[in-house]
Structures are given as C-alpha cells and as structure tokens.
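Colleague: Quick one, entry-v8.pdb (PDB, C-alpha atoms):
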```
ATOM      1  CA  MET A   1      17.788 -10.962 -19.852  1.00  0.00           C
ATOM      2  CA  ALA A   2      14.851 -11.565 -17.489  1.00  0.00           C
ATOM      3  CA  ILE A   3      17.107 -12.870 -14.718  1.00  0.00           C
ATOM      4  CA  ALA A   4      19.540  -9.942 -15.045  1.00  0.00           C
ATOM      5  CA  TRP A   5      16.658  -7.458 -14.872  1.00  0.00           C
ATOM      6  CA  ILE A   6      15.042  -9.152 -11.859  1.00  0.00           C
ATOM      7  CA  VAL A   7      18.378  -9.327 -10.027  1.00  0.00           C
ATOM      8  CA  THR A   8      19.026  -5.606 -10.600  1.00  0.00           C
ATOM      9  CA  VAL A   9      15.538  -4.609  -9.495  1.00  0.00           C
ATOM     10  CA  VAL A  10      15.676  -6.801  -6.379  1.00  0.00           C
ATOM     11  CA  PHE A  11      18.977  -5.241  -5.319  1.00  0.00           C
ATOM     12  CA  LEU A  12      17.699  -1.665  -5.670  1.00  0.00           C
ATOM     13  CA  ALA A  13      14.391  -2.461  -3.971  1.00  0.00           C
ATOM     14  CA  SER A  14      16.042  -4.253  -1.045  1.00  0.00           C
ATOM     15  CA  LEU A  15      18.398  -1.299  -0.598  1.00  0.00           C
ATOM     16  CA  ILE A  16      15.462   1.134  -0.443  1.00  0.00           C
ATOM     17  CA  GLN A  17      13.489  -1.182   1.848  1.00  0.00           C
ATOM     18  CA  SER A  18      16.417  -1.420   4.273  1.00  0.00           C
ATOM     19  CA  LEU A  19      16.697   2.360   4.435  1.00  0.00           C
ATOM     20  CA  SER A  20      13.029   3.332   4.582  1.00  0.00           C
ATOM     21  CA  GLY A  21      11.178   0.244   5.799  1.00  0.00           C
ATOM     22  CA  PHE A  22       8.795   0.089   2.843  1.00  0.00           C
ATOM     23  CA  GLY A  23       8.520   0.182  -0.942  1.00  0.00           C
ATOM     24  CA  PHE A  24      10.014  -3.236  -1.751  1.00  0.00           C
ATOM     25  CA  ALA A  25       6.993  -5.060  -3.167  1.00  0.00           C
ATOM     26  CA  MET A  26       5.644  -1.974  -4.925  1.00  0.00           C
ATOM     27  CA  ILE A  27       8.944  -1.354  -6.743  1.00  0.00           C
ATOM     28  CA  ILE A  28       9.561  -4.959  -7.765  1.00  0.00           C
ATOM     29  CA  MET A  29       5.983  -5.717  -8.776  1.00  0.00           C
ATOM     30  CA  ARG A  30       5.799  -2.819 -11.218  1.00  0.00           C
ATOM     31  CA  LEU A  31       9.234  -3.489 -12.741  1.00  0.00           C
ATOM     32  CA  ALA A  32       9.197  -7.308 -12.755  1.00  0.00           C
ATOM     33  CA  THR A  33       6.104  -7.425 -14.962  1.00  0.00           C
ATOM     34  CA  ILE A  34       8.131  -5.697 -17.680  1.00  0.00           C
ATOM     35  CA  VAL A  35      10.033  -8.947 -18.348  1.00  0.00           C
ATOM     36  CA  VAL A  36       7.823 -11.696 -16.872  1.00  0.00           C
ATOM     37  CA  GLY A  37       4.078 -12.231 -16.752  1.00  0.00           C
ATOM     38  CA  LEU A  38       1.911 -11.362 -13.771  1.00  0.00           C
ATOM     39  CA  GLN A  39       1.359 -15.028 -12.922  1.00  0.00           C
ATOM     40  CA  THR A  40       5.132 -15.437 -12.482  1.00  0.00           C
ATOM     41  CA  ALA A  41       5.871 -12.012 -10.999  1.00  0.00           C
ATOM     42  CA  ALA A  42       3.261 -12.173  -8.224  1.00  0.00           C
ATOM     43  CA  PRO A  43       4.505 -15.324  -6.427  1.00  0.00           C
ATOM     44  CA  MET A  44       8.170 -14.429  -7.055  1.00  0.00           C
ATOM     45  CA  VAL A  45       7.645 -10.985  -5.503  1.00  0.00           C
ATOM     46  CA  ALA A  46       5.726 -12.559  -2.614  1.00  0.00           C
ATOM     47  CA  LEU A  47       8.630 -14.913  -1.852  1.00  0.00           C
ATOM     48  CA  THR A  48      11.316 -12.216  -2.033  1.00  0.00           C
ATOM     49  CA  ALA A  49       9.183  -9.795  -0.025  1.00  0.00           C
ATOM     50  CA  LEU A  50       8.530 -12.344   2.718  1.00  0.00           C
ATOM     51  CA  THR A  51      12.274 -13.056   2.857  1.00  0.00           C
ATOM     52  CA  ILE A  52      13.245  -9.430   3.400  1.00  0.00           C
ATOM     53  CA  TYR A  53      10.401  -8.879   5.873  1.00  0.00           C
ATOM     54  CA  SER A  54      11.575 -11.912   7.859  1.00  0.00           C
ATOM     55  CA  ILE A  55      15.155 -10.643   7.954  1.00  0.00           C
ATOM     56  CA  ASN A  56      14.079  -7.136   8.958  1.00  0.00           C
ATOM     57  CA  VAL A  57      11.713  -8.390  11.662  1.00  0.00           C
ATOM     58  CA  VAL A  58      14.697 -10.133  13.264  1.00  0.00           C
ATOM     59  CA  ARG A  59      16.917  -7.119  12.631  1.00  0.00           C
ATOM     60  CA  TYR A  60      14.531  -4.663  14.335  1.00  0.00           C
ATOM     61  CA  ARG A  61      12.892  -7.046  16.819  1.00  0.00           C
ATOM     62  CA  ARG A  62      14.032  -5.033  19.844  1.00  0.00           C
ATOM     63  CA  ALA A  63      12.425  -1.870  18.453  1.00  0.00           C
ATOM     64  CA  ILE A  64       8.962  -3.379  17.878  1.00  0.00           C
ATOM     65  CA  ASP A  65       6.249  -1.734  19.990  1.00  0.00           C
ATOM     66  CA  LEU A  66       4.200  -4.875  20.605  1.00  0.00           C
ATOM     67  CA  GLY A  67       1.145  -2.942  21.777  1.00  0.00           C
ATOM     68  CA  GLU A  68       1.086  -0.718  18.715  1.00  0.00           C
ATOM     69  CA  ALA A  69       1.749  -3.645  16.377  1.00  0.00           C
ATOM     70  CA  LEU A  70      -1.019  -5.692  18.018  1.00  0.00           C
ATOM     71  CA  ARG A  71      -3.560  -2.870  17.714  1.00  0.00           C
ATOM     72  CA  LEU A  72      -2.632  -2.333  14.079  1.00  0.00           C
ATOM     73  CA  GLY A  73      -2.752  -6.060  13.400  1.00  0.00           C
ATOM     74  CA  ILE A  74      -6.213  -6.528  14.926  1.00  0.00           C
ATOM     75  CA  ALA A  75      -7.630  -3.498  13.104  1.00  0.00           C
ATOM     76  CA  SER A  76      -6.022  -4.657   9.871  1.00  0.00           C
ATOM     77  CA  ALA A  77      -7.499  -8.159  10.223  1.00  0.00           C
ATOM     78  CA  LEU A  78     -10.966  -6.633  10.622  1.00  0.00           C
ATOM     79  CA  GLY A  79     -10.443  -4.596   7.461  1.00  0.00           C
ATOM     80  CA  VAL A  80      -9.407  -7.502   5.207  1.00  0.00           C
ATOM     81  CA  PRO A  81     -12.935  -8.864   4.554  1.00  0.00           C
ATOM     82  CA  VAL A  82     -14.137  -5.339   3.835  1.00  0.00           C
ATOM     83  CA  GLY A  83     -11.296  -4.991   1.333  1.00  0.00           C
ATOM     84  CA  ILE A  84     -12.346  -8.209  -0.370  1.00  0.00           C
ATOM     85  CA  TRP A  85     -15.857  -6.769  -0.717  1.00  0.00           C
ATOM     86  CA  VAL A  86     -14.402  -3.508  -2.065  1.00  0.00           C
ATOM     87  CA  LEU A  87     -12.449  -5.470  -4.679  1.00  0.00           C
ATOM     88  CA  THR A  88     -15.663  -6.639  -6.329  1.00  0.00           C
ATOM     89  CA  ASN A  89     -17.893  -3.608  -5.686  1.00  0.00           C
ATOM     90  CA  VAL A  90     -15.832  -0.407  -5.852  1.00  0.00           C
ATOM     91  CA  ASN A  91     -13.851   1.070  -8.736  1.00  0.00           C
ATOM     92  CA  GLU A  92     -10.184   0.221  -8.091  1.00  0.00           C
ATOM     93  CA  THR A  93      -8.855   3.250  -9.947  1.00  0.00           C
ATOM     94  CA  LEU A  94     -10.891   5.703  -7.856  1.00  0.00           C
ATOM     95  CA  VAL A  95      -9.745   4.160  -4.568  1.00  0.00           C
ATOM     96  CA  LYS A  96      -6.069   4.208  -5.558  1.00  0.00           C
ATOM     97  CA  GLN A  97      -6.263   7.758  -6.925  1.00  0.00           C
ATOM     98  CA  ALA A  98      -7.926   8.988  -3.725  1.00  0.00           C
ATOM     99  CA  MET A  99      -5.205   7.365  -1.610  1.00  0.00           C
ATOM    100  CA  GLY A 100      -2.558   8.849  -3.911  1.00  0.00           C
ATOM    101  CA  VAL A 101      -3.941  12.372  -3.537  1.00  0.00           C
ATOM    102  CA  ILE A 102      -3.977  12.005   0.266  1.00  0.00           C
ATOM    103  CA  LEU A 103      -0.346  10.839   0.330  1.00  0.00           C
ATOM    104  CA  ILE A 104       0.814  13.610  -2.022  1.00  0.00           C
ATOM    105  CA  ALA A 105      -0.978  16.236   0.084  1.00  0.00           C
ATOM    106  CA  TYR A 106       0.584  14.913   3.277  1.00  0.00           C
ATOM    107  CA  ALA A 107       4.082  14.765   1.795  1.00  0.00           C
ATOM    108  CA  ALA A 108       3.819  18.332   0.468  1.00  0.00           C
ATOM    109  CA  TYR A 109       2.533  19.569   3.834  1.00  0.00           C
ATOM    110  CA  ALA A 110       5.178  17.705   5.847  1.00  0.00           C
ATOM    111  CA  LEU A 111       8.055  18.953   3.676  1.00  0.00           C
ATOM    112  CA  ALA A 112       6.738  22.521   3.804  1.00  0.00           C
ATOM    113  CA  ARG A 113       6.203  22.475   7.573  1.00  0.00           C
ATOM    114  CA  PRO A 114       8.762  20.036   9.048  1.00  0.00           C
ATOM    115  CA  THR A 115       8.508  21.502  12.558  1.00  0.00           C
ATOM    116  CA  THR A 116       4.726  21.154  13.016  1.00  0.00           C
ATOM    117  CA  SER A 117       3.840  20.054  16.557  1.00  0.00           C
ATOM    118  CA  TRP A 118       0.508  18.383  15.717  1.00  0.00           C
ATOM    119  CA  MET A 119       0.384  14.662  16.344  1.00  0.00           C
ATOM    120  CA  PRO A 120      -2.645  12.376  15.925  1.00  0.00           C
ATOM    121  CA  SER A 121      -4.028  10.535  18.923  1.00  0.00           C
ATOM    122  CA  ARG A 122      -3.097   6.894  19.460  1.00  0.00           C
ATOM    123  CA  TYR A 123      -6.746   6.088  18.735  1.00  0.00           C
ATOM    124  CA  TRP A 124      -5.993   6.792  15.077  1.00  0.00           C
ATOM    125  CA  VAL A 125      -4.176   3.451  15.091  1.00  0.00           C
ATOM    126  CA  PHE A 126      -7.529   1.730  14.583  1.00  0.00           C
ATOM    127  CA  PRO A 127      -8.723   3.546  11.428  1.00  0.00           C
ATOM    128  CA  ALA A 128      -5.154   3.392  10.057  1.00  0.00           C
ATOM    129  CA  GLY A 129      -4.946  -0.351  10.665  1.00  0.00           C
ATOM    130  CA  PHE A 130      -8.473  -0.949   9.401  1.00  0.00           C
ATOM    131  CA  LEU A 131      -7.786   0.969   6.177  1.00  0.00           C
ATOM    132  CA  ALA A 132      -4.531  -0.957   5.760  1.00  0.00           C
ATOM    133  CA  GLY A 133      -6.501  -4.198   6.056  1.00  0.00           C
ATOM    134  CA  CYS A 134      -9.029  -2.984   3.500  1.00  0.00           C
ATOM    135  CA  LEU A 135      -6.254  -2.169   1.028  1.00  0.00           C
ATOM    136  CA  SER A 136      -4.548  -5.482   1.776  1.00  0.00           C
ATOM    137  CA  GLY A 137      -7.709  -7.473   1.156  1.00  0.00           C
ATOM    138  CA  ALA A 138      -8.517  -5.538  -2.007  1.00  0.00           C
ATOM    139  CA  TYR A 139      -5.139  -4.835  -3.619  1.00  0.00           C
ATOM    140  CA  ASN A 140      -2.455  -6.449  -1.394  1.00  0.00           C
ATOM    141  CA  ALA A 141      -1.177  -2.926  -0.623  1.00  0.00           C
ATOM    142  CA  PRO A 142      -1.398  -2.246   3.144  1.00  0.00           C
ATOM    143  CA  GLY A 143       1.518   0.195   3.216  1.00  0.00           C
ATOM    144  CA  PRO A 144       0.149   3.730   2.582  1.00  0.00           C
ATOM    145  CA  PRO A 145      -2.073   4.190   5.690  1.00  0.00           C
ATOM    146  CA  LEU A 146       0.518   2.536   7.960  1.00  0.00           C
ATOM    147  CA  ILE A 147       3.280   4.760   6.593  1.00  0.00           C
ATOM    148  CA  LEU A 148       1.115   7.859   6.935  1.00  0.00           C
ATOM    149  CA  TYR A 149       0.136   7.027  10.522  1.00  0.00           C
ATOM    150  CA  GLY A 150       3.679   6.170  11.601  1.00  0.00           C
ATOM    151  CA  SER A 151       5.083   9.296   9.999  1.00  0.00           C
ATOM    152  CA  LEU A 152       2.470  11.531  11.652  1.00  0.00           C
ATOM    153  CA  ARG A 153       3.112   9.854  14.993  1.00  0.00           C
ATOM    154  CA  ARG A 154       6.820  10.507  14.406  1.00  0.00           C
ATOM    155  CA  TRP A 155       7.882   7.026  15.417  1.00  0.00           C
ATOM    156  CA  PRO A 156      11.659   6.719  15.898  1.00  0.00           C
ATOM    157  CA  ARG A 157      13.089   5.318  12.677  1.00  0.00           C
ATOM    158  CA  ASP A 158      13.872   1.841  14.040  1.00  0.00           C
ATOM    159  CA  GLU A 159      10.390   1.581  15.581  1.00  0.00           C
ATOM    160  CA  PHE A 160       8.897   2.862  12.324  1.00  0.00           C
ATOM    161  CA  ARG A 161      10.604   0.169  10.310  1.00  0.00           C
ATOM    162  CA  ALA A 162      10.085  -2.546  12.934  1.00  0.00           C
ATOM    163  CA  ILE A 163       6.305  -2.130  13.136  1.00  0.00           C
ATOM    164  CA  LEU A 164       5.961  -1.950   9.359  1.00  0.00           C
ATOM    165  CA  GLN A 165       8.024  -5.129   8.952  1.00  0.00           C
ATOM    166  CA  ALA A 166       5.909  -6.969  11.530  1.00  0.00           C
ATOM    167  CA  ILE A 167       2.639  -6.101   9.772  1.00  0.00           C
ATOM    168  CA  PHE A 168       4.111  -6.717   6.320  1.00  0.00           C
ATOM    169  CA  PHE A 169       5.498 -10.078   7.485  1.00  0.00           C
ATOM    170  CA  VAL A 170       2.070 -11.328   8.550  1.00  0.00           C
ATOM    171  CA  ASN A 171       0.521 -10.105   5.310  1.00  0.00           C
ATOM    172  CA  GLY A 172       3.384 -11.601   3.272  1.00  0.00           C
ATOM    173  CA  ALA A 173       3.040 -14.997   4.948  1.00  0.00           C
ATOM    174  CA  LEU A 174      -0.658 -15.090   4.054  1.00  0.00           C
ATOM    175  CA  VAL A 175       0.074 -14.121   0.442  1.00  0.00           C
ATOM    176  CA  VAL A 176       2.790 -16.767   0.018  1.00  0.00           C
ATOM    177  CA  SER A 177       0.499 -19.393   1.569  1.00  0.00           C
ATOM    178  CA  SER A 178      -2.200 -18.446  -0.938  1.00  0.00           C
ATOM    179  CA  HIS A 179       0.216 -18.853  -3.859  1.00  0.00           C
ATOM    180  CA  LEU A 180       1.357 -22.239  -2.546  1.00  0.00           C
ATOM    181  CA  ILE A 181      -2.213 -23.456  -2.142  1.00  0.00           C
ATOM    182  CA  ALA A 182      -3.031 -22.266  -5.665  1.00  0.00           C
ATOM    183  CA  HIS A 183       0.093 -24.054  -7.037  1.00  0.00           C
ATOM    184  CA  ARG A 184       1.493 -20.808  -8.483  1.00  0.00           C
ATOM    185  CA  VAL A 185       5.012 -21.370  -7.100  1.00  0.00           C
ATOM    186  CA  THR A 186       6.420 -22.955 -10.262  1.00  0.00           C
ATOM    187  CA  VAL A 187       9.946 -23.965 -11.262  1.00  0.00           C
ATOM    188  CA  GLU A 188      10.335 -20.624 -13.079  1.00  0.00           C
ATOM    189  CA  VAL A 189       9.258 -18.722  -9.972  1.00  0.00           C
ATOM    190  CA  LEU A 190      11.702 -20.624  -7.755  1.00  0.00           C
ATOM    191  CA  THR A 191      14.524 -20.164 -10.298  1.00  0.00           C
ATOM    192  CA  LEU A 192      14.039 -16.380 -10.316  1.00  0.00           C
ATOM    193  CA  PHE A 193      13.738 -16.319  -6.527  1.00  0.00           C
ATOM    194  CA  PHE A 194      16.955 -18.235  -5.874  1.00  0.00           C
ATOM    195  CA  CYS A 195      18.840 -16.184  -8.490  1.00  0.00           C
ATOM    196  CA  ALA A 196      17.687 -13.006  -6.751  1.00  0.00           C
ATOM    197  CA  LEU A 197      18.356 -14.233  -3.200  1.00  0.00           C
ATOM    198  CA  PRO A 198      22.118 -13.371  -3.087  1.00  0.00           C
ATOM    199  CA  VAL A 199      21.553  -9.775  -4.284  1.00  0.00           C
ATOM    200  CA  LEU A 200      18.639  -9.477  -1.879  1.00  0.00           C
ATOM    201  CA  ILE A 201      21.033 -10.187   0.986  1.00  0.00           C
ATOM    202  CA  LEU A 202      23.607  -7.841  -0.569  1.00  0.00           C
ATOM    203  CA  GLY A 203      21.051  -5.040  -0.829  1.00  0.00           C
ATOM    204  CA  ILE A 204      20.104  -5.456   2.835  1.00  0.00           C
ATOM    205  CA  SER A 205      23.783  -5.414   3.835  1.00  0.00           C
ATOM    206  CA  VAL A 206      24.589  -2.305   1.800  1.00  0.00           C
ATOM    207  CA  GLY A 207      21.426  -0.631   3.055  1.00  0.00           C
ATOM    208  CA  SER A 208      22.339  -1.287   6.692  1.00  0.00           C
ATOM    209  CA  ARG A 209      25.771   0.247   6.149  1.00  0.00           C
ATOM    210  CA  VAL A 210      24.347   3.337   4.438  1.00  0.00           C
ATOM    211  CA  ASP A 211      21.724   3.578   7.170  1.00  0.00           C
ATOM    212  CA  ARG A 212      24.411   4.269   9.773  1.00  0.00           C
ATOM    213  CA  LEU A 213      25.363   7.415   7.844  1.00  0.00           C
ATOM    214  CA  VAL A 214      21.823   8.778   7.641  1.00  0.00           C
ATOM    215  CA  ALA A 215      20.852  11.181  10.451  1.00  0.00           C
ATOM    216  CA  GLY A 216      17.336  11.193  11.915  1.00  0.00           C
ATOM    217  CA  LYS A 217      16.289  14.378  10.087  1.00  0.00           C
ATOM    218  CA  ARG A 218      17.522  13.026   6.768  1.00  0.00           C
ATOM    219  CA  PHE A 219      15.693   9.766   7.396  1.00  0.00           C
ATOM    220  CA  ARG A 220      12.455  11.704   7.913  1.00  0.00           C
ATOM    221  CA  ILE A 221      12.963  13.593   4.647  1.00  0.00           C
ATOM    222  CA  ILE A 222      13.689  10.329   2.809  1.00  0.00           C
ATOM    223  CA  VAL A 223      10.513   8.723   4.176  1.00  0.00           C
ATOM    224  CA  ILE A 224       8.323  11.742   3.373  1.00  0.00           C
ATOM    225  CA  SER A 225       9.764  11.971  -0.139  1.00  0.00           C
ATOM    226  CA  LEU A 226       9.067   8.277  -0.752  1.00  0.00           C
ATOM    227  CA  VAL A 227       5.527   8.787   0.566  1.00  0.00           C
ATOM    228  CA  GLY A 228       5.109  11.532  -2.053  1.00  0.00           C
ATOM    229  CA  VAL A 229       6.485   9.277  -4.806  1.00  0.00           C
ATOM    230  CA  MET A 230       4.168   6.472  -3.733  1.00  0.00           C
ATOM    231  CA  GLY A 231       1.222   8.878  -3.777  1.00  0.00           C
ATOM    232  CA  LEU A 232       2.151  10.119  -7.250  1.00  0.00           C
ATOM    233  CA  ALA A 233       2.398   6.541  -8.531  1.00  0.00           C
ATOM    234  CA  LEU A 234      -1.051   5.709  -7.132  1.00  0.00           C
ATOM    235  CA  ALA A 235      -2.618   8.903  -8.443  1.00  0.00           C
ATOM    236  CA  LEU A 236      -1.239   8.254 -11.938  1.00  0.00           C
ATOM    237  CA  GLY A 237      -2.361   4.644 -11.899  1.00  0.00           C
ATOM    238  CA  LEU A 238       1.163   3.234 -11.626  1.00  0.00           C
ATOM    239  CA  GLY A 239       0.918   1.930  -8.069  1.00  0.00           C
TER     240      GLY A 239
END
```
What do you get writing this file as structure tokens?
Modeller:
Amino acid sequence: MAIAWIVTVVFLASLIQSLSGFGFAMIIMRLATIVVGLQTAAPMVALTALTIYSINVVRYRRAIDLGEALRLGIASALGVPVGIWVLTNVNETLVKQAMGVILIAYAAYALARPTTSWMPSRYWVFPAGFLAGCLSGAYNAPGPPLILYGSLRRWPRDEFRAILQAIFFVNGALVVSSHLIAHRVTVEVLTLFFCALPVLILGISVGSRVDRLVAGKRFRIIVISLVGVMGLALALGLG
C-alpha cells in the first residue's frame, strides 16, 4: 500500500515539476508522510527531488542565466545561517503564514492584472535570494521567494525553470549529504526510492510532452495559480 501510494504521488509531482519548475518536494513531502514516517519520508523525498533537479538542470542547461543564478546562489548562501537562527528563535507558524499571505496576494494581483508593466529591478535578486536562503536554512523551503521574483521579472519559461532547478539542485545536494552523514538513508528509504524511480522518469517524460502543447500565456497562468495554491497551503499550515 505504501509503495503504491508513493509511486502515484511521485508520478503526479514529477509531472507538475516538469511543467512548472517547482512544487515537487512540497507535494511529495506532505503526501508521503500519510503512509510513512517523517524519518523515512524526508530522505526519500530528498533523493527523488535531487534526481529530478539533476535531470532538469541538464534538460534546461542552455537556458540558465549564469549571472542571475550566481547572484541568487550567493545571496541564498548568506541567508542560510540566518535561517538556522530563525529556526530556533522565531515562531515557524508565523513565518510560514506571512509568506503564504504574500504569495496569495501576489497571485490574486497577477491574475487580476495580467498586463501590468511593472517589473522589479535586478537588485531585488539579492533580497529574494537571501530570503530563499533563510527559508532553506530554517525549513528547507527556498522556493516561494525565488518563484515570486522570477515571476515578477517575467523570466521566459525555460529560463524560469532552469534557474530554479540550479538553485534547487545545490540545496538538494546539501540536504542529501546531510541525510547520508546522519545515516538516515536506510534500506526502506532506498527501496521506496528505487520503486519510485521509473515513474519519476515517466512523469518527466509525460510532462515534457505536455509542455510542448502549453503556450507561454498558459504557462504564466499555471505558474501564478500554483503560487496561489502554495501560498494557501502555507497560510493554512499545510506547507
């Protein structure tokens, strides 16, 4: 039962990740813990997430803006120790709810005014990256500020996904290394991972085929809608 559930969830999450560029770990982590404990789910999700990030980094390598990714990466690295401090000194629920409200507000605004011409300066890359690092260090959730920044900057969809994958890949490698050092990658974890691996590849393949049918405007609507869903999940304490 657990394997069937994990396999189904991995397929759906990999399909969404291939289309939007984000959401994989958040979807699997919340649903995997329904059938397995957190100590098993966390390293299993880390392994599957790193796998899909690795594949997508190669897939979108030509679309990566190295300058933008480097600036985000440096700012994010500076934010990680702050996030670790936040983890032990600031109420987690309040931080997540605040981030959720911001994402919901942005999604509602963007869907209501899709033709707005305002675009943040490139200098916003530093607070966006720093906040992503803070959230990564505190809750292993760097996505929201990166998604918000990239959406506001209106990155082309391949560049959007490429930069996210590059940052997520680095973060994912650090998380997997931590699990390995802590000896959390057990036989059960590896069994679930290898059972899920074929459907992970299938989800990526199906997602890439569907992606060719999605126009740029539709892609933007999909991303903004997922931002709103992510915000709602955080605000309700589900993210």
Colleague: Report, in Å to a single decimal, how far apart CA of Arg161 (chain A) and CA of Leu232 (chain A) are.
Modeller: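 Taking CA of Leu232 (chain A) and CA of Arg161 (chain A), their separation equals 21.9 Å.
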Colleague: Give me the region 144-208 of chain A side of the contact with region 34-51 of chain A, cut-off 9 Å, one line per residue showing its nearest atom pair and distance in Å at one decimal, counting only C-alpha atoms, sorted by chain and residue number, as a tab-separated table.
Modeller:
```
residue	atom	partner	partner_atom	distance
A:Phe168	CA	A:Leu50	CA	8.0
A:Phe169	CA	A:Leu50	CA	6.1
A:Val170	CA	A:Leu50	CA	8.8
A:Asn171	CA	A:Leu50	CA	8.7
A:Gly172	CA	A:Leu50	CA	5.2
A:Ala173	CA	A:Leu50	CA	6.5
A:Val175	CA	A:Ala46	CA	6.6
A:Val176	CA	A:Ala46	CA	5.8
A:His179	CA	A:Pro43	CA	6.1
A:Leu180	CA	A:Pro43	CA	8.5
A:Arg184	CA	A:Pro43	CA	6.6
A:Val185	CA	A:Pro43	CA	6.1
A:Thr186	CA	A:Thr40	CA	7.9
A:Glu188	CA	A:Thr40	CA	7.4
A:Val189	CA	A:Met44	CA	5.3
A:Leu190	CA	A:Met44	CA	7.2
A:Leu192	CA	A:Met44	CA	7.0
A:Phe193	CA	A:Met44	CA	5.9
A:Ala196	CA	A:Thr48	CA	8.0
A:Leu197	CA	A:Thr48	CA	7.4
A:Leu200	CA	A:Thr48	CA	7.8
```
Colleague: For each of A:Leu152, A:Ile181, A:Ala107, A:Leu146, take the minimum atom-to-atom distance to Ile167 (chain A), counting all atoms listed in the file, then give the residue where this is smallest.
Modeller: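 Closest candidate: A:Leu146.
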Colleague: For the structure shown, which residues end up in the PyMOL selection byres ((chain A and resi 145) around 12)? Put them as a PyMOL selection string, please?
Modeller: chain A and resi 22+72+76+96+99-100+102-103+106+124-136+141-144+146-152+164+227+230-231
Colleague: Could you tell me how far CA of Ala25 (chain A) sits from CA of Leu234 (chain A), in Å to one decimal place?
Modeller: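 It comes out at 14.0 Å.
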Colleague: Translate the PyMOL selection byres ((chain A and resi 203-211) around 7), as applied to the file shown, into an explicit residue set as a list of chain:residue names.
Modeller: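 Applying the PyMOL selection byres ((chain A and resi 203-211) around 7) to the structure shown produces A:Phe11, A:Leu12, A:Ser14, A:Leu15, A:Ser18, A:Leu19, A:Val199, A:Leu200, A:Ile201, A:Leu202, A:Arg212, A:Leu213, A:Val214.
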Colleague: Would you pick out the contacts of region 61-71 of chain A at 6 Å or less, using only C-alpha atoms, so that residues sharing its chain but fewer than 5 positions from it are not included, and give the list as number ranges by chain?
Modeller: A: 158-159, 162-163
Colleague: Between A:Ile222, A:Val7, A:Ala2, A:Val90, which is the closest to Arg157 (chain A) once you count all atoms listed in the file?
Modeller: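 Comparing A:Ile222, A:Val7, A:Ala2, A:Val90 against Arg157 (chain A), the winner is A:Ile222.
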Colleague: Which residue out of A:Leu111, A:Ile224, A:Cys195, A:Ala98 has the minimum interatomic distance to Gly237 (chain A) when all atoms listed in the file are used?
Modeller: A:Ala98
Colleague: Grab the CA of Arg154 (chain A) to CA of Gln17 (chain A) distance for me, in Å with one decimal place.
Modeller: 18.4 Å
Colleague: Kindly indicate which residue among A:Trp155, A:Val10, A:Ile52, A:Val80 lies nearest to Leu174 (chain A), using only C-alpha atoms for the distances.
Modeller: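 Checking each of A:Trp155, A:Val10, A:Ile52, A:Val80 against Leu174 (chain A), counting only C-alpha atoms, the winner is A:Val80.
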Colleague: Do a neighbour search on Ala13 (chain A) at 7 Å with all atoms listed in the file, toss out local chain neighbours closer than 4 positions, and write the hits as a list in words.
Modeller: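 Here the qualifying residues turn out to be Val9, Gln17, Phe24, Ile27 and Ile28 of chain A.
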